[in-house]
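upload17.cif (mmCIF, C-alpha atoms)
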```cif
data_coords
#
loop_
_atom_site.label_atom_id
_atom_site.label_comp_id
_atom_site.auth_asym_id
_atom_site.auth_seq_id
_atom_site.Cartn_x
_atom_site.Cartn_y
_atom_site.Cartn_z
CA MET R 104 51.48 -92.55 -38.28
CA LEU R 105 47.84 -92.22 -37.31
CA SER R 106 46.56 -88.99 -35.74
CA ALA R 107 45.70 -90.85 -32.50
CA ASP R 108 49.22 -92.26 -32.30
CA LEU R 109 50.68 -88.82 -33.03
CA PHE R 110 48.64 -87.24 -30.25
CA LYS R 111 49.64 -90.00 -27.79
CA GLU R 112 53.33 -89.71 -28.66
CA THR R 113 53.21 -85.92 -28.39
CA PHE R 114 51.48 -85.95 -25.02
CA SER R 115 53.92 -88.53 -23.63
CA ALA R 116 56.94 -86.56 -24.85
CA LEU R 117 55.74 -83.37 -23.13
CA LEU R 118 55.04 -85.24 -19.87
CA MET R 119 58.58 -86.62 -19.82
CA ASN R 120 59.88 -83.12 -18.96
CA LYS R 121 56.97 -81.58 -17.06
CA ALA R 122 58.96 -78.78 -15.41
CA ARG R 123 60.63 -77.69 -18.65
CA SER R 124 57.37 -77.90 -20.60
CA GLY R 125 55.59 -75.90 -17.88
CA LEU R 126 58.21 -73.14 -17.86
CA THR R 127 58.11 -72.96 -21.67
CA ILE R 128 54.32 -72.71 -21.68
CA LEU R 129 54.55 -69.92 -19.09
CA GLY R 130 55.91 -67.53 -21.73
CA ILE R 131 52.89 -68.13 -23.98
CA VAL R 132 50.51 -67.87 -21.01
CA ILE R 133 51.89 -64.45 -20.07
CA GLY R 134 51.81 -63.28 -23.69
CA ILE R 135 48.25 -64.39 -24.45
CA GLY R 136 47.03 -63.21 -21.05
CA SER R 137 48.58 -59.77 -21.58
CA VAL R 138 47.06 -59.42 -25.06
CA ILE R 139 43.58 -60.42 -23.83
CA ALA R 140 43.76 -58.04 -20.85
CA MET R 141 45.10 -55.07 -22.85
CA ILE R 142 42.55 -55.50 -25.66
CA SER R 143 39.75 -55.78 -23.10
CA VAL R 144 40.86 -52.48 -21.52
CA GLY R 145 40.99 -50.79 -24.93
CA GLN R 146 37.58 -52.11 -26.00
CA GLY R 147 36.12 -51.16 -22.65
CA ALA R 148 37.41 -47.61 -23.06
CA THR R 149 35.93 -47.45 -26.56
CA GLY R 150 32.52 -48.56 -25.31
CA THR R 151 32.59 -46.11 -22.40
CA ILE R 152 33.50 -43.14 -24.59
CA GLU R 153 30.89 -44.01 -27.23
CA SER R 154 28.13 -44.40 -24.63
CA SER R 155 29.13 -41.10 -22.99
CA ILE R 156 28.94 -39.29 -26.33
CA GLN R 157 25.62 -41.00 -27.18
CA ALA R 158 24.28 -39.85 -23.80
CA LEU R 159 24.87 -36.22 -24.82
CA GLY R 160 21.85 -36.38 -27.08
CA SER R 161 20.34 -37.80 -30.27
CA ASN R 162 21.28 -36.46 -33.71
CA LEU R 163 23.14 -33.69 -31.92
CA ILE R 164 25.10 -30.86 -33.53
CA MET R 165 26.97 -28.50 -31.23
CA VAL R 166 27.86 -24.96 -32.31
CA THR R 167 30.59 -23.32 -30.22
CA PRO R 168 32.45 -19.99 -30.46
CA GLY R 169 35.67 -19.96 -32.46
CA MET R 170 39.07 -18.46 -31.79
CA GLN R 171 39.41 -15.02 -30.18
CA ARG R 172 41.29 -12.64 -32.49
CA THR R 173 43.06 -9.65 -31.03
CA VAL R 174 42.27 -6.43 -32.91
CA GLY R 175 45.13 -5.27 -35.12
CA SER R 176 47.32 -8.34 -34.59
CA GLN R 177 47.63 -11.94 -35.66
CA VAL R 178 47.59 -13.24 -32.08
CA ARG R 179 44.70 -15.63 -31.46
CA SER R 180 43.60 -17.53 -28.38
CA GLY R 181 42.06 -21.02 -28.43
CA TRP R 182 38.77 -22.30 -29.77
CA GLY R 183 35.80 -21.38 -27.61
CA ALA R 184 37.45 -18.17 -26.38
CA ALA R 185 35.55 -15.83 -28.72
CA GLN R 186 32.21 -14.27 -27.76
CA SER R 187 30.51 -14.60 -31.12
CA LEU R 188 27.26 -16.53 -30.56
CA THR R 189 24.06 -14.89 -29.33
CA LEU R 190 20.49 -15.94 -28.65
CA ALA R 191 19.53 -14.34 -31.98
CA ASP R 192 21.80 -16.85 -33.76
CA ALA R 193 20.07 -19.74 -31.98
CA GLU R 194 16.63 -18.38 -32.86
CA ALA R 195 17.68 -17.96 -36.50
CA ILE R 196 18.83 -21.60 -36.64
CA ALA R 197 15.52 -22.79 -35.19
CA ASP R 198 13.42 -20.59 -37.52
CA GLU R 199 15.27 -20.83 -40.86
CA ILE R 200 16.54 -24.41 -41.12
CA ASN R 201 13.83 -26.99 -41.84
CA THR R 202 15.83 -30.03 -40.73
CA VAL R 203 16.21 -28.74 -37.17
CA GLN R 204 14.06 -30.52 -34.58
CA ALA R 205 14.94 -28.40 -31.53
CA VAL R 206 17.52 -25.88 -30.31
CA ALA R 207 18.80 -25.45 -26.76
CA SER R 208 21.10 -22.50 -26.09
CA GLU R 209 23.62 -22.76 -23.29
CA VAL R 210 25.81 -20.54 -21.08
CA ALA R 211 28.17 -22.59 -18.91
CA GLY R 212 30.74 -21.82 -16.25
CA ARG R 213 32.15 -23.26 -13.02
CA TYR R 214 31.13 -21.59 -9.76
CA GLN R 215 31.31 -22.19 -6.04
CA VAL R 216 27.87 -23.21 -4.79
CA THR R 217 26.80 -23.26 -1.13
CA ALA R 218 23.79 -24.60 0.78
CA LYS R 219 23.27 -25.12 4.52
CA GLY R 220 26.96 -24.91 5.36
CA SER R 221 28.00 -27.29 2.54
CA ASN R 222 29.69 -26.15 -0.63
CA THR R 223 30.88 -27.54 -3.93
CA ASN R 224 32.56 -26.29 -7.09
CA THR R 225 30.49 -27.38 -10.05
CA GLN R 226 29.41 -26.49 -13.56
CA VAL R 227 26.39 -24.19 -13.77
CA ILE R 228 24.52 -24.27 -17.08
CA GLY R 229 22.10 -21.56 -18.06
CA THR R 230 19.70 -22.97 -20.65
CA THR R 231 16.13 -23.15 -21.95
CA ALA R 232 13.18 -25.52 -21.61
CA ALA R 233 14.26 -27.47 -24.73
CA TYR R 234 17.49 -28.70 -23.10
CA PRO R 235 16.15 -32.06 -21.72
CA ALA R 236 14.79 -33.10 -25.13
CA VAL R 237 17.95 -32.11 -27.01
CA LYS R 238 20.43 -33.63 -24.51
CA ASN R 239 18.45 -36.73 -23.44
CA LEU R 240 18.09 -35.44 -19.89
CA GLU R 241 15.40 -36.76 -17.54
CA VAL R 242 14.02 -35.08 -14.43
CA GLY R 243 13.48 -37.46 -11.50
CA GLU R 244 12.04 -35.06 -8.90
CA GLY R 245 10.21 -31.76 -9.46
CA VAL R 246 10.28 -30.03 -12.85
CA PHE R 247 12.82 -28.62 -15.30
CA ILE R 248 13.22 -24.96 -16.23
CA SER R 249 10.24 -23.60 -18.16
CA ASP R 250 9.95 -20.89 -20.83
CA GLN R 251 8.29 -18.71 -18.18
CA ASN R 252 11.34 -19.10 -15.90
CA VAL R 253 13.54 -17.90 -18.77
CA SER R 254 11.32 -14.94 -19.69
CA ASN R 255 10.99 -13.89 -16.01
CA THR R 256 14.72 -14.33 -15.25
CA SER R 257 13.69 -16.55 -12.34
CA LYS R 258 16.24 -17.58 -9.74
CA VAL R 259 15.43 -21.29 -9.84
CA ALA R 260 17.75 -24.26 -10.22
CA VAL R 261 17.66 -27.95 -11.17
CA LEU R 262 20.38 -30.06 -9.56
CA GLY R 263 22.28 -33.08 -10.82
CA PRO R 264 22.50 -36.08 -8.45
CA THR R 265 26.19 -35.47 -7.62
CA VAL R 266 25.52 -31.84 -6.67
CA ARG R 267 22.57 -32.99 -4.54
CA ASP R 268 24.82 -35.49 -2.72
CA ASP R 269 27.50 -32.83 -2.10
CA LEU R 270 25.12 -30.16 -0.83
CA PHE R 271 22.27 -32.03 0.87
CA GLY R 272 23.38 -35.67 1.17
CA GLU R 273 22.44 -38.87 -0.66
CA ASP R 274 18.77 -39.77 -1.17
CA VAL R 275 17.60 -36.34 0.06
CA ASN R 276 14.91 -34.64 -2.03
CA PRO R 277 16.31 -31.11 -2.58
CA VAL R 278 13.17 -29.67 -4.20
CA GLY R 279 12.09 -26.58 -2.26
CA GLN R 280 15.55 -26.01 -0.74
CA THR R 281 17.70 -22.97 -1.56
CA ILE R 282 21.29 -22.70 -2.80
CA ARG R 283 23.61 -19.71 -3.36
CA ILE R 284 25.58 -19.22 -6.58
CA LYS R 285 27.94 -16.24 -6.85
CA GLY R 286 26.12 -14.55 -3.97
CA ALA R 287 22.64 -14.99 -5.48
CA GLU R 288 20.00 -17.21 -3.91
CA PHE R 289 18.25 -19.83 -6.06
CA LYS R 290 15.29 -22.07 -5.25
CA VAL R 291 15.69 -25.74 -6.22
CA ILE R 292 12.76 -26.87 -8.40
CA GLY R 293 14.04 -30.19 -9.74
CA LEU R 294 16.53 -33.07 -9.63
CA THR R 295 17.78 -34.85 -12.77
CA VAL R 296 18.12 -38.60 -13.22
CA SER R 297 21.70 -39.92 -13.07
CA LYS R 298 23.49 -40.22 -16.46
CA GLY R 299 26.88 -41.36 -15.14
CA GLY R 300 30.38 -40.24 -16.07
CA THR R 301 33.49 -39.24 -14.16
CA GLY R 302 35.72 -36.17 -13.76
CA PHE R 303 34.97 -33.26 -16.10
CA SER R 304 32.63 -35.50 -18.15
CA ASN R 305 30.44 -36.23 -15.12
CA GLN R 306 27.00 -35.26 -16.41
CA ASP R 307 25.52 -35.57 -12.91
CA ASP R 308 27.78 -32.88 -11.45
CA ARG R 309 25.82 -29.94 -12.91
CA ILE R 310 23.27 -27.29 -11.99
CA PHE R 311 20.77 -25.95 -14.52
CA ILE R 312 19.32 -22.45 -14.26
CA PRO R 313 17.34 -20.27 -16.74
CA LEU R 314 19.44 -18.90 -19.62
CA SER R 315 18.47 -15.28 -18.97
CA THR R 316 19.33 -15.64 -15.26
CA ALA R 317 22.79 -17.04 -16.08
CA GLN R 318 23.50 -14.24 -18.57
CA ARG R 319 22.40 -11.51 -16.13
CA PHE R 320 23.69 -12.71 -12.74
CA LEU R 321 26.62 -15.04 -13.60
CA ALA R 322 28.14 -14.32 -17.03
CA GLY R 323 27.24 -10.63 -17.13
CA ASN R 324 26.83 -10.58 -20.93
CA GLU R 325 24.50 -11.80 -23.66
CA TYR R 326 26.81 -14.32 -25.35
CA LEU R 327 26.36 -18.09 -25.50
CA THR R 328 28.97 -20.80 -24.90
CA THR R 329 27.13 -23.47 -26.92
CA ILE R 330 24.12 -23.82 -29.21
CA ASN R 331 22.85 -27.42 -29.07
CA VAL R 332 20.91 -28.38 -32.20
CA GLU R 333 18.92 -31.59 -32.66
CA ALA R 334 18.45 -32.67 -36.28
CA VAL R 335 15.20 -34.35 -37.30
CA ASP R 336 16.99 -37.64 -38.04
CA GLN R 337 20.41 -39.24 -38.45
CA SER R 338 20.50 -38.92 -42.24
CA SER R 339 19.98 -35.16 -42.20
CA MET R 340 22.78 -34.32 -39.75
CA SER R 341 25.39 -33.49 -42.39
CA VAL R 342 22.97 -31.28 -44.36
CA THR R 343 21.86 -29.54 -41.16
CA GLN R 344 25.47 -28.92 -40.16
CA GLU R 345 26.25 -27.36 -43.55
CA GLU R 346 23.15 -25.15 -43.43
CA ILE R 347 24.00 -23.97 -39.90
CA THR R 348 27.50 -23.05 -41.06
CA SER R 349 26.20 -21.15 -44.08
CA LEU R 350 23.56 -19.33 -42.02
CA LEU R 351 25.99 -18.20 -39.30
CA LEU R 352 28.63 -17.11 -41.83
CA LEU R 353 25.96 -14.95 -43.49
CA ARG R 354 24.73 -13.52 -40.17
CA HIS R 355 28.30 -12.75 -39.01
CA ASN R 356 29.25 -11.20 -42.40
CA ILE R 357 32.12 -13.65 -42.95
CA ALA R 358 32.89 -14.52 -46.57
CA ASP R 359 35.66 -17.07 -46.01
CA ALA R 360 34.64 -20.18 -44.08
CA GLN R 361 38.25 -20.57 -42.92
CA SER R 362 37.85 -17.32 -40.97
CA ALA R 363 34.65 -18.40 -39.19
CA ASP R 364 34.35 -17.20 -35.59
CA PHE R 365 32.49 -20.40 -34.63
CA SER R 366 32.77 -24.15 -35.15
CA THR R 367 30.21 -26.94 -35.55
CA MET R 368 30.66 -30.49 -34.28
CA ASN R 369 28.57 -33.39 -35.52
CA GLN R 370 27.90 -36.09 -32.90
CA SER R 371 28.71 -38.85 -35.41
CA ASP R 372 32.04 -37.19 -36.20
CA ILE R 373 32.87 -37.01 -32.49
CA ILE R 374 32.08 -40.71 -32.02
CA SER R 375 34.09 -41.61 -35.11
CA SER R 376 37.10 -39.59 -33.96
CA ALA R 377 36.94 -40.98 -30.42
CA SER R 378 36.62 -44.55 -31.73
CA SER R 379 39.58 -44.04 -34.05
CA ILE R 380 41.73 -42.82 -31.15
CA THR R 381 40.74 -45.64 -28.80
CA ASN R 382 41.19 -48.27 -31.54
CA THR R 383 44.70 -46.96 -32.15
CA LEU R 384 45.34 -47.13 -28.41
CA THR R 385 44.02 -50.71 -28.32
CA ILE R 386 46.31 -51.75 -31.17
CA LEU R 387 49.25 -50.09 -29.41
CA LEU R 388 48.53 -51.87 -26.11
CA GLY R 389 47.99 -55.19 -27.90
CA SER R 390 51.25 -54.77 -29.85
CA ILE R 391 53.23 -54.06 -26.70
CA ALA R 392 51.72 -57.13 -25.02
CA GLY R 393 52.38 -59.13 -28.21
CA ILE R 394 56.14 -58.68 -27.75
CA SER R 395 55.97 -61.14 -24.85
CA LEU R 396 54.37 -63.63 -27.27
CA VAL R 397 57.41 -63.40 -29.55
CA VAL R 398 59.67 -63.97 -26.54
CA GLY R 399 57.53 -66.96 -25.57
CA GLY R 400 57.80 -68.33 -29.12
CA ILE R 401 61.60 -68.06 -29.04
CA GLY R 402 61.52 -69.98 -25.75
CA ILE R 403 59.54 -72.77 -27.44
CA MET R 404 61.98 -72.96 -30.35
CA ASN R 405 64.89 -73.14 -27.89
CA MET R 406 63.21 -75.95 -25.98
CA MET R 407 62.40 -77.89 -29.14
CA LEU R 408 65.98 -77.60 -30.43
CA THR R 409 67.22 -78.95 -27.09
CA THR R 410 64.68 -81.77 -27.31
CA VAL R 411 65.83 -82.68 -30.83
CA THR R 412 69.43 -82.87 -29.61
CA GLU R 413 68.49 -85.01 -26.60
CA ARG R 414 66.39 -87.41 -28.72
CA THR R 415 68.79 -87.73 -31.66
CA ARG R 416 69.37 -91.47 -31.06
CA GLU R 417 65.57 -92.00 -30.80
CA ILE R 418 65.11 -90.25 -34.13
CA GLY R 419 67.82 -92.38 -35.70
CA LEU R 420 66.23 -95.57 -34.34
CA ARG R 421 62.79 -94.61 -35.69
CA LYS R 422 64.21 -93.87 -39.11
CA ALA R 423 66.12 -97.17 -39.06
CA ILE R 424 62.87 -99.14 -38.55
CA GLY R 425 61.03 -97.29 -41.33
CA ALA R 426 59.81 -93.92 -40.06
CA LYS R 427 59.67 -91.32 -42.82
CA LYS R 428 60.97 -87.75 -42.69
CA LYS R 429 57.44 -86.34 -42.66
CA ASP R 430 56.51 -88.54 -39.66
CA ILE R 431 59.46 -87.20 -37.62
CA GLY R 432 58.73 -83.64 -38.69
CA ARG R 433 55.00 -83.92 -37.85
CA GLN R 434 55.78 -85.29 -34.39
CA PHE R 435 58.08 -82.41 -33.35
CA LEU R 436 55.83 -79.81 -34.96
CA ALA R 437 52.84 -81.29 -33.09
CA GLU R 438 54.74 -80.98 -29.81
CA ALA R 439 55.42 -77.28 -30.45
CA VAL R 440 51.80 -76.59 -31.42
CA MET R 441 50.48 -78.45 -28.38
CA LEU R 442 52.71 -76.36 -26.11
CA THR R 443 51.33 -73.12 -27.54
CA PHE R 444 47.77 -74.49 -27.61
CA ILE R 445 47.86 -75.32 -23.89
CA GLY R 446 49.55 -71.97 -23.22
CA GLY R 447 46.84 -70.22 -25.23
CA LEU R 448 44.00 -71.87 -23.26
CA VAL R 449 45.54 -71.00 -19.89
CA GLY R 450 46.48 -67.51 -21.17
CA ILE R 451 42.87 -66.76 -22.20
CA PHE R 452 41.70 -67.69 -18.71
CA ILE R 453 44.46 -65.57 -17.09
CA GLY R 454 43.62 -62.65 -19.41
CA TRP R 455 39.92 -62.90 -18.60
CA LEU R 456 40.75 -63.07 -14.87
CA ALA R 457 43.03 -60.01 -15.16
CA SER R 458 40.32 -58.15 -17.05
CA PHE R 459 37.79 -59.01 -14.32
CA ILE R 460 40.15 -57.80 -11.57
CA ILE R 461 40.87 -54.53 -13.46
CA SER R 462 37.11 -53.89 -13.80
CA LYS R 463 36.79 -54.13 -10.00
CA PHE R 464 38.99 -51.01 -9.73
CA GLY R 465 36.50 -48.93 -11.74
CA THR R 466 37.96 -49.37 -15.24
CA THR R 467 35.47 -50.68 -17.80
CA THR R 468 36.76 -53.77 -19.63
CA GLU R 469 35.27 -55.94 -22.36
CA VAL R 470 36.53 -59.39 -23.39
CA SER R 471 35.14 -60.02 -26.87
CA SER R 472 34.90 -63.32 -28.73
CA LEU R 473 37.04 -61.77 -31.48
CA SER R 474 39.98 -61.24 -29.08
CA ILE R 475 39.69 -64.89 -27.90
CA ILE R 476 39.65 -66.21 -31.48
CA LEU R 477 42.59 -63.93 -32.29
CA ALA R 478 44.50 -65.25 -29.26
CA PHE R 479 43.88 -68.85 -30.36
CA GLY R 480 45.03 -68.08 -33.88
CA VAL R 481 48.15 -66.26 -32.73
CA SER R 482 49.14 -69.06 -30.31
CA ALA R 483 48.70 -71.70 -33.04
CA ALA R 484 50.68 -69.58 -35.51
CA ILE R 485 53.52 -69.16 -33.01
CA GLY R 486 53.62 -72.94 -32.48
CA ILE R 487 53.88 -73.55 -36.24
CA ILE R 488 56.37 -70.73 -36.93
CA PHE R 489 58.75 -71.41 -34.04
CA GLY R 490 58.30 -75.19 -34.19
CA TYR R 491 58.99 -75.50 -37.91
CA TYR R 492 62.78 -75.14 -37.77
CA PRO R 493 63.34 -77.72 -34.97
CA ALA R 494 60.93 -80.13 -36.73
CA ARG R 495 62.75 -79.70 -40.04
CA ARG R 496 66.10 -80.21 -38.34
CA ALA R 497 64.86 -83.42 -36.69
CA ALA R 498 63.40 -84.72 -39.97
CA GLY R 499 66.64 -84.04 -41.83
CA LEU R 500 68.91 -86.04 -39.52
CA ASN R 501 70.91 -88.88 -41.12
CA PRO R 502 69.77 -92.14 -39.41
CA ILE R 503 73.31 -93.62 -39.23
CA GLN R 504 74.85 -90.46 -37.76
CA ALA R 505 71.88 -90.13 -35.41
CA LEU R 506 72.40 -93.70 -34.09
CA ARG R 507 76.10 -92.93 -33.50
CA PHE R 508 75.28 -89.70 -31.63
CA GLU R 509 76.58 -89.71 -28.03
#
```

Same coordinates, now as structure tokens:
Amino acid sequence: MLSADLFKETFSALLMNKARSGLTILGIVIGIGSVIAMISVGQGATGTIESSIQALGSNLIMVTPGMQRTVGSQVRSGWGAAQSLTLADAEAIADEINTVQAVASEVAGRYQVTAKGSNTNTQVIGTTAAYPAVKNLEVGEGVFISDQNVSNTSKVAVLGPTVRDDLFGEDVNPVGQTIRIKGAEFKVIGLTVSKGGTGFSNQDDRIFIPLSTAQRFLAGNEYLTTINVEAVDQSSMSVTQEEITSLLLLRHNIADAQSADFSTMNQSDIISSASSITNTLTILLGSIAGISLVVGGIGIMNMMLTTVTERTREIGLRKAIGAKKKDIGRQFLAEAVMLTFIGGLVGIFIGWLASFIISKFGTTTEVSSLSIILAFGVSAAIGIIFGYYPARRAAGLNPIQALRFE
């Protein structure tokens, strides 16, 4: 049988039972559509997390306090609870490690902020003039905190766009206005450019003030919550991280690295860990959606077995006039593959449409060519796997018994 004849016969056979073929295809459509939509959500989440981490800075290494140990006991609180990092540590890192490009110390905390009858609860970061360069931060209006502001303990502030919207309204230039943080009055000297983000990772919902001002009027102590270090290039990040660890262990008189009262996080490691988590989540979502594909495949096998039974006399007649076993088998296998192929095409469109609708609700999605190719491959494989047994059964029928079948 020629390929053109096979295609014509297959198409005609499926059109003979349009409703049954349509309902059978529906299972594959739902399965492929679900896989495409779930993978797009997972890949979208991966891209969002990676871009958020990249926006934190370039070649960034973050040093944070370690666990708080209670004197005379083994009880320890969580990471970041200890007060172990000081400005002297940051200055030592900048002065003694050659692969360090810049260092920006940080004291952070959440406070209630008021201005002209409006108020908001936001993160206030006390830092130095190097912060914009280290954390890829741009100032849209006014200026950022200067070294002079830090040395003079100036009560000045730079607002993020979200804070500006909450306190003064959208598109209002807040430079020159005053705000109150923990009872102290600050003059606004700048407004940062939007970096995006949501919830606690919203990098626009922040206020920046001089480090010395934050330590004196807000935190009430000399300790730091983070030391942000920018390495000279990507290749030197691991070496820089190791040298920072060695330097701080020496300064804190700690012999065993396992007992360090600080921790260092490499930006590449954070991206790698986040990508690993989201990839696992994507595989999990795709696997759950893939179960519906298996159900759809079983539906196709059920339909094909019914079709073989209904067309037993036709099979017998074809064999009686010279059709070979492989011709019968190819025909029924082609019908199964065509069902899954059509289901795969419609499913890809449904999956893309679902992904588009989900993105309209604020969730980032990404339909990649790899997921489409994978969907095509899976749908074809299901057609072959679940169509093989009915095709083999049809090909193995005895022509005489098939002609006698009632």

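Counting only C-alpha atoms, the residue from R:Gln157, R:Arg123, R:Pro277, R:Gly136 that sits nearest to Ser482 in chain R is R:Gly136.
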
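The shortest atom-to-atom distance to Ala193 in chain R, with all atoms listed in the file taken into account, belongs to R:Val332 out of R:Gly220, R:Ile310, R:Ser124, R:Val332.
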
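Excluding Asn305 in chain R and any residue on its chain fewer than 6 positions from it, the residues at most 9 Å away by only C-alpha atoms are Thr265, Lys298 and Gly299 of chain R.
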
Any chance you could resolve the PyMOL selection byres ((chain R and resi 288-295) around 9) against this file and give the residues as a ChimeraX atom specification?
/R:240-248,257-264,267,276-287,296-298,307,312

Restricting it to C-alpha atoms, dump the selection as a PDB file, in the coordinates of the input.
```pdb
ATOM      1  CA  LEU R 240      18.090 -35.440 -19.890  1.00  0.00           C
ATOM      2  CA  GLU R 241      15.400 -36.760 -17.540  1.00  0.00           C
ATOM      3  CA  VAL R 242      14.020 -35.080 -14.430  1.00  0.00           C
ATOM      4  CA  GLY R 243      13.480 -37.460 -11.500  1.00  0.00           C
ATOM      5  CA  GLU R 244      12.040 -35.060  -8.900  1.00  0.00           C
ATOM      6  CA  GLY R 245      10.210 -31.760  -9.460  1.00  0.00           C
ATOM      7  CA  VAL R 246      10.280 -30.030 -12.850  1.00  0.00           C
ATOM      8  CA  PHE R 247      12.820 -28.620 -15.300  1.00  0.00           C
ATOM      9  CA  ILE R 248      13.220 -24.960 -16.230  1.00  0.00           C
ATOM     10  CA  SER R 257      13.690 -16.550 -12.340  1.00  0.00           C
ATOM     11  CA  LYS R 258      16.240 -17.580  -9.740  1.00  0.00           C
ATOM     12  CA  VAL R 259      15.430 -21.290  -9.840  1.00  0.00           C
ATOM     13  CA  ALA R 260      17.750 -24.260 -10.220  1.00  0.00           C
ATOM     14  CA  VAL R 261      17.660 -27.950 -11.170  1.00  0.00           C
ATOM     15  CA  LEU R 262      20.380 -30.060  -9.560  1.00  0.00           C
ATOM     16  CA  GLY R 263      22.280 -33.080 -10.820  1.00  0.00           C
ATOM     17  CA  PRO R 264      22.500 -36.080  -8.450  1.00  0.00           C
ATOM     18  CA  ARG R 267      22.570 -32.990  -4.540  1.00  0.00           C
ATOM     19  CA  ASN R 276      14.910 -34.640  -2.030  1.00  0.00           C
ATOM     20  CA  PRO R 277      16.310 -31.110  -2.580  1.00  0.00           C
ATOM     21  CA  VAL R 278      13.170 -29.670  -4.200  1.00  0.00           C
ATOM     22  CA  GLY R 279      12.090 -26.580  -2.260  1.00  0.00           C
ATOM     23  CA  GLN R 280      15.550 -26.010  -0.740  1.00  0.00           C
ATOM     24  CA  THR R 281      17.700 -22.970  -1.560  1.00  0.00           C
ATOM     25  CA  ILE R 282      21.290 -22.700  -2.800  1.00  0.00           C
ATOM     26  CA  ARG R 283      23.610 -19.710  -3.360  1.00  0.00           C
ATOM     27  CA  ILE R 284      25.580 -19.220  -6.580  1.00  0.00           C
ATOM     28  CA  LYS R 285      27.940 -16.240  -6.850  1.00  0.00           C
ATOM     29  CA  GLY R 286      26.120 -14.550  -3.970  1.00  0.00           C
ATOM     30  CA  ALA R 287      22.640 -14.990  -5.480  1.00  0.00           C
ATOM     31  CA  VAL R 296      18.120 -38.600 -13.220  1.00  0.00           C
ATOM     32  CA  SER R 297      21.700 -39.920 -13.070  1.00  0.00           C
ATOM     33  CA  LYS R 298      23.490 -40.220 -16.460  1.00  0.00           C
ATOM     34  CA  ASP R 307      25.520 -35.570 -12.910  1.00  0.00           C
ATOM     35  CA  ILE R 312      19.320 -22.450 -14.260  1.00  0.00           C
TER      36      ILE R 312
END
```

Residue members of the PyMOL selection byres ((chain R and resi 336) around 12) in the file shown, as a PyMOL selection string:
chain R and resi 161-164+201-205+332-335+337-343

12 Å contact set for Thr468 in chain R, all atoms listed in the file, chain neighbours under 6 positions out, as a PDB file with C-alpha atoms, in the frame of the given file:
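To be explicit, this is the file written out as around_9.pdb:
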```
ATOM      1  CA  ILE R 139      43.580 -60.420 -23.830  1.00  0.00           C
ATOM      2  CA  ALA R 140      43.760 -58.040 -20.850  1.00  0.00           C
ATOM      3  CA  MET R 141      45.100 -55.070 -22.850  1.00  0.00           C
ATOM      4  CA  ILE R 142      42.550 -55.500 -25.660  1.00  0.00           C
ATOM      5  CA  SER R 143      39.750 -55.780 -23.100  1.00  0.00           C
ATOM      6  CA  VAL R 144      40.860 -52.480 -21.520  1.00  0.00           C
ATOM      7  CA  GLY R 145      40.990 -50.790 -24.930  1.00  0.00           C
ATOM      8  CA  GLN R 146      37.580 -52.110 -26.000  1.00  0.00           C
ATOM      9  CA  GLY R 147      36.120 -51.160 -22.650  1.00  0.00           C
ATOM     10  CA  ALA R 148      37.410 -47.610 -23.060  1.00  0.00           C
ATOM     11  CA  THR R 149      35.930 -47.450 -26.560  1.00  0.00           C
ATOM     12  CA  GLY R 150      32.520 -48.560 -25.310  1.00  0.00           C
ATOM     13  CA  THR R 151      32.590 -46.110 -22.400  1.00  0.00           C
ATOM     14  CA  THR R 385      44.020 -50.710 -28.320  1.00  0.00           C
ATOM     15  CA  GLY R 454      43.620 -62.650 -19.410  1.00  0.00           C
ATOM     16  CA  TRP R 455      39.920 -62.900 -18.600  1.00  0.00           C
ATOM     17  CA  LEU R 456      40.750 -63.070 -14.870  1.00  0.00           C
ATOM     18  CA  ALA R 457      43.030 -60.010 -15.160  1.00  0.00           C
ATOM     19  CA  SER R 458      40.320 -58.150 -17.050  1.00  0.00           C
ATOM     20  CA  PHE R 459      37.790 -59.010 -14.320  1.00  0.00           C
ATOM     21  CA  ILE R 460      40.150 -57.800 -11.570  1.00  0.00           C
ATOM     22  CA  ILE R 461      40.870 -54.530 -13.460  1.00  0.00           C
ATOM     23  CA  SER R 462      37.110 -53.890 -13.800  1.00  0.00           C
TER      24      SER R 462
END
```

Ranking R:Asp269, R:Ser366, R:Ile330, R:Ile196 by minimum distance to Gly169 in chain R and counting only C-alpha atoms, which one comes first?
R:Ser366

Ground truth for the PyMOL selection byres ((chain R and resi 251) around 12), written as a PyMOL selection string:
chain R and resi 231-232+247-250+252-259+313-316

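Summary of the local environment: counting all atoms listed in the file, residues at most 12 Å from Gly499 in chain R, other than itself and those fewer than 3 positions away along its chain, are Val411, Thr415, Ile418, Gly419, Lys422, Lys427, Lys428, Lys429, Asp430, Ile431, Gly432, Tyr492, Pro493, Ala494, Arg495, Arg496, Pro502, Ile503, Gln504 and Ala505 of chain R.
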
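Atom pair CA of Ile135 in chain R / CA of Leu442 in chain R: separated by 12.9 Å.
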
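CA of Glu346 in chain R sits 15.8 Å away from CA of Asp364 in chain R.
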
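Candidate residues R:Leu506, R:Ala358, R:Asn331, R:Gln186 were compared for distance to Ile424 in chain R, and the nearest is R:Leu506, using all atoms listed in the file.
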
Judged by all atoms listed in the file, the minimum distance to Ser349 in chain R among R:Leu420, R:Leu436, R:Ile200, R:Ala483 is found for R:Ile200

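Residue nearest Thr348 in chain R within the list R:Thr410, R:Ser371, R:Ser154, R:Thr167: R:Thr167 [criterion: smallest interatomic distance, all atoms listed in the file].
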
Surrounding residues of Tyr326 in chain R excluding itself and chain neighbours under 5 positions, 9 Å, only C-alpha atoms, as a ChimeraX atom specification
/R:186-190,210,318
